[in-house]
Structure formats: C-alpha cells, structure tokens
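Shown next: work.txt, given as compact mmCIF, C-alpha atoms.
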# COMPACT_ATOMS: atom_id res chain seq x y z
CA MET R 141 -11.38 6.71 17.08
CA ASN R 142 -14.03 5.94 14.50
CA LEU R 143 -12.09 7.55 11.64
CA PHE R 144 -9.67 4.64 11.73
CA ASN R 145 -12.60 2.37 10.85
CA VAL R 146 -13.19 4.10 7.52
CA ALA R 147 -9.66 4.87 6.33
CA ASP R 148 -10.12 2.65 3.26
CA LEU R 149 -12.96 4.91 2.10
CA PHE R 150 -10.53 7.81 1.82
CA VAL R 151 -8.36 5.92 -0.66
CA ASN R 152 -9.67 4.76 -4.02
CA PRO R 153 -8.29 4.62 -7.58
CA HIS R 154 -10.18 7.75 -8.65
CA ASP R 155 -8.63 9.84 -5.86
CA GLU R 156 -5.17 8.44 -6.54
CA ARG R 157 -5.26 9.62 -10.16
CA GLY R 158 -4.54 13.11 -8.86
CA SER R 159 -4.55 16.28 -10.90
CA GLY R 160 -0.86 16.81 -11.54
CA PHE R 161 2.47 16.84 -9.78
CA LEU R 162 1.14 19.00 -6.93
CA SER R 163 -1.65 16.57 -6.02
CA ILE R 164 -1.50 15.09 -2.51
CA PRO R 165 -1.97 11.33 -2.08
CA ALA R 166 -5.30 10.50 -0.46
CA ILE R 167 -3.70 8.71 2.48
CA TRP R 168 -1.88 11.91 3.42
CA ARG R 169 -5.11 13.90 3.24
CA TYR R 170 -6.59 11.30 5.57
CA TRP R 171 -3.65 11.70 7.97
CA PHE R 172 -4.00 15.51 7.95
CA LEU R 173 -7.51 14.92 9.30
CA ILE R 174 -6.45 12.40 11.96
CA LYS R 175 -3.34 14.11 13.30
CA PRO R 176 -4.96 17.28 14.73
CA LEU R 177 -7.52 15.14 16.55
CA LEU R 178 -4.76 13.09 18.15
CA GLU R 179 -2.84 16.23 19.12
CA ARG R 180 -5.87 17.55 21.02
CA LEU R 181 -5.82 14.56 23.37
CA GLU R 182 -3.66 14.33 26.47
CA GLN R 183 -0.93 11.70 26.25
CA ALA R 184 -2.76 9.10 28.36
CA ALA R 185 -6.08 9.58 26.55
CA ARG R 186 -4.30 9.50 23.19
CA ALA R 187 -2.59 6.23 24.04
CA ASP R 188 -5.90 4.68 25.17
CA ALA R 189 -7.69 5.85 22.02
CA LEU R 190 -4.96 4.43 19.80
CA ARG R 191 -4.89 1.07 21.60
CA SER R 192 -8.65 0.79 21.14
CA ALA R 193 -8.45 1.75 17.47
CA PHE R 194 -5.59 -0.65 16.72
CA ALA R 195 -7.43 -3.50 18.41
CA GLY R 196 -10.73 -3.07 16.59
CA ALA R 197 -10.59 -0.76 13.57
CA GLU R 198 -11.62 -2.39 10.30
CA SER R 199 -9.08 -0.55 8.13
CA LEU R 200 -5.59 -1.95 8.43
CA LEU R 201 -4.35 0.64 5.92
CA GLY R 202 -5.14 3.54 8.23
CA LEU R 203 -3.44 1.80 11.14
CA CYS R 204 -0.47 0.92 8.94
CA PHE R 205 0.05 4.54 7.91
CA ALA R 206 -0.38 5.90 11.43
CA LEU R 207 2.10 3.39 12.85
CA THR R 208 4.63 4.26 10.14
CA VAL R 209 4.41 7.91 11.20
CA PHE R 210 4.79 6.99 14.87
CA ARG R 211 7.73 4.64 14.24
CA THR R 212 9.48 7.15 11.96
CA SER R 213 9.16 9.94 14.53
CA LEU R 214 10.82 7.67 17.11
CA GLY R 215 13.64 6.59 14.79
CA ARG R 216 12.34 3.02 14.55
CA VAL R 217 12.28 2.95 10.73
CA PRO R 218 15.75 2.40 9.18
CA ASP R 219 16.91 5.09 6.75
CA ALA R 220 13.82 7.25 7.42
CA LYS R 221 14.32 10.78 8.70
CA PRO R 222 12.13 11.68 11.72
CA ASP R 223 9.68 14.54 11.24
CA ALA R 224 11.08 17.61 12.97
CA ALA R 225 7.64 19.27 13.18
CA GLY R 226 6.82 18.80 16.84
CA PRO R 227 7.39 15.99 19.36
CA PRO R 228 6.37 12.37 18.64
CA LEU R 229 2.68 11.66 19.16
CA VAL R 230 3.43 8.51 21.17
CA ASP R 231 6.34 7.29 23.27
CA VAL R 232 8.38 4.14 22.65
CA ALA R 233 6.37 1.97 25.06
CA VAL R 234 3.06 2.87 23.42
CA CYS R 235 4.54 2.40 19.96
CA GLU R 236 5.86 -1.06 20.83
CA GLY R 237 2.43 -2.04 22.12
CA LEU R 238 0.76 -0.84 18.91
CA GLU R 239 3.34 -2.75 16.86
CA GLU R 240 2.47 -5.98 18.64
CA VAL R 241 -1.26 -5.44 18.17
CA LEU R 242 -0.91 -4.69 14.46
CA ARG R 243 1.42 -7.67 13.94
CA ALA R 244 -1.27 -9.92 15.41
CA ARG R 245 -3.95 -8.25 13.29
CA TYR R 246 -1.95 -8.91 10.11
CA ARG R 247 -1.41 -12.52 11.07
CA ALA R 248 -5.11 -13.07 11.70
CA ALA R 249 -6.15 -11.29 8.48
CA ALA R 250 -3.73 -13.46 6.49
CA VAL R 251 -5.14 -16.65 7.99
CA ASP R 252 -8.80 -15.81 7.38
CA GLY R 253 -8.18 -14.40 3.89
CA LYS R 254 -9.26 -10.84 4.67
CA LEU R 255 -5.80 -9.38 4.10
CA LEU R 256 -6.02 -10.01 0.36
CA ALA R 257 -9.20 -7.94 0.14
CA LYS R 258 -7.85 -5.01 2.14
CA ALA R 259 -6.94 -1.72 0.50
CA GLY R 260 -3.22 -1.01 0.33
CA LEU R 261 -2.24 -4.68 0.15
CA VAL R 262 1.45 -4.10 -0.65
CA GLU R 263 1.73 -1.34 1.94
CA ASN R 264 0.22 -3.66 4.53
CA LEU R 265 2.63 -6.45 3.59
CA LEU R 266 5.61 -4.11 3.85
CA GLN R 267 4.46 -2.90 7.25
CA TRP R 268 3.87 -6.45 8.46
CA ALA R 269 7.34 -7.49 7.28
CA GLY R 270 8.85 -4.40 8.89
CA LEU R 271 7.46 -5.49 12.25
CA GLY R 272 9.86 -8.43 12.37
CA ALA R 273 7.63 -10.84 10.46
CA GLU R 274 9.56 -11.23 7.22
CA ALA R 275 9.37 -15.04 7.29
CA GLU R 276 5.61 -15.00 7.91
CA VAL R 277 5.03 -12.58 5.05
CA ARG R 278 7.14 -14.63 2.65
CA ALA R 279 5.33 -17.81 3.61
CA TRP R 280 1.96 -16.15 2.96
CA THR R 281 2.92 -14.64 -0.40
CA ASN R 282 4.56 -17.90 -1.54
CA GLY R 283 1.23 -19.59 -0.98
CA LEU R 284 -0.58 -16.76 -2.73
CA LEU R 285 1.48 -17.34 -5.88
CA ASP R 286 -0.24 -20.71 -6.28
CA ASP R 287 -3.63 -19.00 -6.71
CA ASP R 288 -4.41 -17.26 -10.01
CA ALA R 289 -6.97 -14.86 -8.57
CA GLY R 290 -4.64 -14.00 -5.69
CA ILE R 291 -1.78 -13.22 -8.08
CA VAL R 292 -3.96 -10.88 -10.13
CA ARG R 293 -5.07 -9.10 -6.95
CA LEU R 294 -1.45 -8.72 -5.84
CA ALA R 295 -0.37 -7.51 -9.30
CA LYS R 296 -3.09 -4.86 -9.25
CA ALA R 297 -2.12 -3.74 -5.76
CA ALA R 298 1.56 -3.53 -6.76
CA THR R 299 0.90 -1.34 -9.81
CA GLN R 300 0.49 2.39 -9.46
CA MET R 301 -0.44 4.77 -12.25
CA SER R 302 1.43 7.99 -12.90
CA TYR R 303 -0.35 10.62 -15.01
CA SER R 304 1.38 13.42 -16.87
CA HIS R 305 1.38 15.45 -20.06
CA SER R 306 4.09 17.27 -21.97
CA ALA R 307 4.16 20.98 -22.76
CA GLY R 308 1.53 21.89 -25.31
CA ASP R 309 -0.08 18.47 -25.05
CA ARG R 310 -3.53 18.40 -23.46
CA VAL R 311 -3.74 14.63 -23.58
CA THR R 312 -2.92 13.03 -20.23
CA ARG R 313 -0.63 10.03 -20.54
CA GLU R 314 -0.59 7.23 -18.04
CA ARG R 315 2.40 5.23 -16.94
CA PRO R 316 2.18 2.05 -14.85
CA ILE R 317 4.82 1.89 -12.13
CA VAL R 318 5.88 -1.11 -10.08
CA HIS R 319 8.44 -0.38 -7.37
CA ARG R 320 10.40 -3.61 -7.64
CA PRO R 321 12.81 -3.04 -4.71
CA GLY R 322 9.87 -2.63 -2.34
CA LEU R 323 7.91 -5.52 -3.82
CA GLU R 324 10.92 -7.83 -3.55
CA LYS R 325 10.86 -7.35 0.22
CA VAL R 326 7.58 -9.24 0.47
CA VAL R 327 7.29 -11.53 -2.56
CA ASP R 328 9.40 -13.57 -4.98
CA VAL R 329 9.07 -11.17 -7.91
CA ASP R 330 10.68 -13.47 -10.48
CA ARG R 331 8.26 -16.25 -9.65
CA MET R 332 5.35 -13.80 -9.65
CA ASN R 333 6.41 -12.51 -13.06
CA ALA R 334 6.50 -16.06 -14.44
CA ARG R 335 3.11 -16.84 -12.97
CA VAL R 336 1.41 -13.79 -14.50
CA ASP R 337 2.79 -14.94 -17.87
CA GLU R 338 1.14 -18.33 -17.29
CA ILE R 339 -2.17 -16.66 -16.43
CA ALA R 340 -2.00 -14.38 -19.48
CA ALA R 341 -1.31 -17.37 -21.75
CA ALA R 342 -4.47 -19.04 -20.42
CA GLU R 343 -6.54 -16.15 -21.80
CA PRO R 344 -8.18 -14.79 -18.64
CA GLY R 345 -10.96 -12.19 -18.75
CA PRO R 346 -10.23 -8.68 -20.05
CA ASP R 347 -9.99 -7.13 -16.58
CA ALA R 348 -7.40 -9.64 -15.40
CA LEU R 349 -5.47 -9.30 -18.64
CA ARG R 350 -5.35 -5.52 -18.30
CA VAL R 351 -4.03 -5.83 -14.74
CA ILE R 352 -1.33 -8.24 -15.92
CA ARG R 353 -0.30 -6.02 -18.82
CA ASP R 354 -0.07 -2.96 -16.58
CA PHE R 355 1.99 -4.94 -14.06
CA LYS R 356 4.37 -6.21 -16.75
CA ARG R 357 4.90 -2.74 -18.17
CA GLY R 358 5.35 -1.25 -14.74
CA LEU R 359 7.91 -3.88 -13.84
CA LYS R 360 9.88 -3.16 -17.02
CA GLY R 361 9.44 0.60 -16.80
CA VAL R 362 7.79 0.88 -20.22
CA TRP R 363 6.91 4.50 -21.08
CA PRO R 364 4.66 5.89 -22.46
CA PHE R 365 1.73 3.55 -21.99
CA SER R 366 -1.21 3.69 -24.37
CA SER R 367 -4.02 1.48 -25.61
CA GLU R 368 -1.92 0.79 -28.71
CA ASP R 369 0.32 -1.42 -26.57
CA ASP R 370 -2.52 -3.82 -25.76
CA ASP R 371 -1.40 -6.26 -28.46
CA ASP R 372 1.36 -7.66 -26.29
CA ALA R 373 1.80 -8.00 -22.54
CA GLU R 374 5.52 -8.12 -23.04
How does the structure come out when it is put into structure tokens?
Amino acid sequence: MNLFNVADLFVNPHDERGSGFLSIPAIWRYWFLIKPLLERLEQAARADALRSAFAGAESLLGLCFALTVFRTSLGRVPDAKPDAAGPPLVDVAVCEGLEEVLRARYRAAAVDGKLLAKAGLVENLLQWAGLGAEAEVRAWTNGLLDDDAGIVRLAKAATQMSYSHSAGDRVTRERPIVHRPGLEKVVDVDRMNARVDEIAAAEPGPDALRVIRDFKRGLKGVWPFSSEDDDDAE
C-alpha cells in the first residue's frame, strides 16, 4: 500500500499546532484514510498488502501507528483498552509476523543512522522497545547521548507544543510538554538532562538553544511559556 510510504508527509510541526482542543492529531487523520482501504480488502489480501508494506515502506511512523492499532485490538498492548468498533483488522498470527518485520526494520534503521532522521522518533523508540527490544533501544540511546547533534534531535522529538488561550484573550500561548514517564522507557532522562545543560553551556546555535530551552521547560512543566523566558534555560 503506497500510502504507508508517505505517512511522514502527513505529519509535520505546522499540522500538529492544531486549532484548539477539538483538533485531531495528524497521525489520526492519516489513519482515518488508511483504515477504510484496509477494511475493503479480504483478510488474505489485507494480510499480503500489510506484509508488503511493512517490509518496504519508507515511513516507519505509519507502520508504527498501524501496528499499535492492530496490537491494541488484539489485547497485545498492556493497559490499553481494545477498540470495540468492529473486529480486529488482522489476526494474531499476522500481527506477530508484522511485529517481527518491524522489529528488524528498527534494528536496521538504528544501525545505519536513518532512525534518528525519521519522523516520530520517540514514538518509534517506544514501539521498538514494546516489541521486546528494550535492551537494544537502551543501548542505542545510550550511544546517542554521546553525540551533541543526536541529543538535540532527540530533545526536539521528545518535546510537544500545546497551544491554548484563556477566556477573553486572543493571544495564543504555547506550552512545551515532555512526557517524562514515556521518555524514561527508552532513554536515561537524567543523563540526557545533564547533557543538554552541557550543550547549552557551550553556546550552540540559536536553533539548538531554542530546542534545549523548550525541552528543559517541558521536562519541568513550566507554564506559561513566552519569549520573555529566553534569558534562562533553567
């Protein structure tokens, strides 16, 4: 299915800004496009199409999201409630096969360096770890923490922006959010936090410094965020 090749194009920072609390994340809009196409295929044809997509699609993010939906519907994701809207799109055997393919894809992308450049880096790491590869993921991120550019990329990927405004206030305020419990599943957050301090002290470029400051505020839960806070990353 060619749409799995371009999943990354459906997700970009501009789309993720949203337009308020009713906005739908871009990855869900992407899934609403994919799901009806899968449902139109017979089970055997659907399984074949998915195996082909998982083996060759460029976007790991699209595969990651699809597999999360499949695994959740089959009760293979701890503490996640299966979707009651219709039967699972794949059976356990097909799901297990897709898990093995994606696990191998993550491993290869980590080795050749492509994983760091992929959209949805943290989501991909969480999915990879959730496929029984926690030790592999930790080993990869521990190595990443030795590389300044890699740390900045990870910090950016780990930081989401929430946008809101109060009653009577037309000015949209932004709040950086870092979900520490999730991040701790794939990286040593304390070490990462210390390393971004080292990078900030070395006076990196303005883009890297902004990423670091957003990450630090998101990790601490500082609210509200404004340009006035730029004096101090702490």
Which residues of range 249-332 of chain R come within 10 Å of range 338-358 of chain R, and what is each one's closest atom pair and distance in Å (one decimal), counting all atoms listed in the file, sorted by chain and residue number, as a tab-separated table?
residue	atom	partner	partner_atom	distance
R:Asp288	CA	R:Ile339	CA	6.8
R:Ala289	CA	R:Ala348	CA	8.6
R:Ile291	CA	R:Ile339	CA	9.0
R:Val292	CA	R:Ala348	CA	6.4
R:Arg293	CA	R:Val351	CA	8.5
R:Leu294	CA	R:Phe355	CA	9.7
R:Ala295	CA	R:Phe355	CA	5.9
R:Lys296	CA	R:Val351	CA	5.7
R:Ala297	CA	R:Phe355	CA	9.3
R:Ala298	CA	R:Phe355	CA	7.4
R:Thr299	CA	R:Phe355	CA	5.7
R:Gln300	CA	R:Gly358	CA	8.0
R:Met301	CA	R:Gly358	CA	8.7
R:Arg315	CA	R:Gly358	CA	7.5
R:Pro316	CA	R:Gly358	CA	4.6
R:Ile317	CA	R:Gly358	CA	4.1
R:Val318	CA	R:Gly358	CA	4.7
R:His319	CA	R:Gly358	CA	8.0
R:Arg320	CA	R:Gly358	CA	9.0
R:Met332	CA	R:Glu338	CA	9.8
Checklist entry - Which residue gives the smallest distance to Lys175 in chain R among R:Ala189, R:Ala206, R:Leu359, R:Ala195, with all atoms listed in the file counted? => result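 Ranking R:Ala189, R:Ala206, R:Leu359, R:Ala195 by distance to Lys175 in chain R, first place goes to R:Ala206.
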Checklist entry - With distances taken over all atoms listed in the file, which of R:Ala334, R:Ala279, R:Ile174, R:Ala233 is nearest to Leu203 in chain R? => result R:Ile174
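Counting from CA of Ser213 in chain R, the distance to CA of Ala273 in chain R is 21.2 Å.
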Item to check | CA of Gln183 in chain R to CA of Cys204 in chain R, straight-line distance in Å | outcome: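 Distance reported for this atom pair: 20.4 Å.
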Checklist entry - Leaving out Val146 in chain R and any residue of its chain fewer than 5 positions from it, which residues lie within 12 Å of it when counting only C-alpha atoms, given as a list in words? => result Met141, Val151, Ile167, Tyr170, Ile174, Ala193, Gly196, Ala197, Glu198, Ser199, Leu200, Leu201, Gly202, Leu203, Lys258 and Ala259 of chain R
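The interatomic distance for the pair CA of Arg211 in chain R and CA of Gln267 in chain R works out to 10.8 Å.
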Item to check | Which residue of R:Leu214, R:Ala147, R:Leu229, R:Ala220 approaches Glu182 in chain R most closely, using all atoms listed in the file | outcome: R:Leu229
Checklist entry - Using all atoms listed in the file, what residues lie at most 10 Å away from (4.6, 6.4, 22.9) (file coordinates), given as an MDAnalysis selection string? => result chainID R and resid 183:184 186:187 210:211 214 228:238
Checklist entry - Quick one: of R:Lys221, R:Arg243, R:Arg313, R:Arg278, who's nearest to Leu207 in chain R, counting only C-alpha atoms? => result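 Checking each of R:Lys221, R:Arg243, R:Arg313, R:Arg278 against Leu207 in chain R, counting only C-alpha atoms, the winner is R:Arg243.
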Checklist entry - Counting all atoms listed in the file, which of R:Gly226, R:Gly290, R:Gly260, R:Val326 gets nearest to Glu274 in chain R? => result R:Val326
Next on the checklist: Nearest residue to Glu263 in chain R out of R:Lys325, R:Arg335, R:Arg191, R:Arg247, using only C-alpha atoms?
Outcome noted: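 With only C-alpha atoms as the atom set, the closest residue is R:Lys325.
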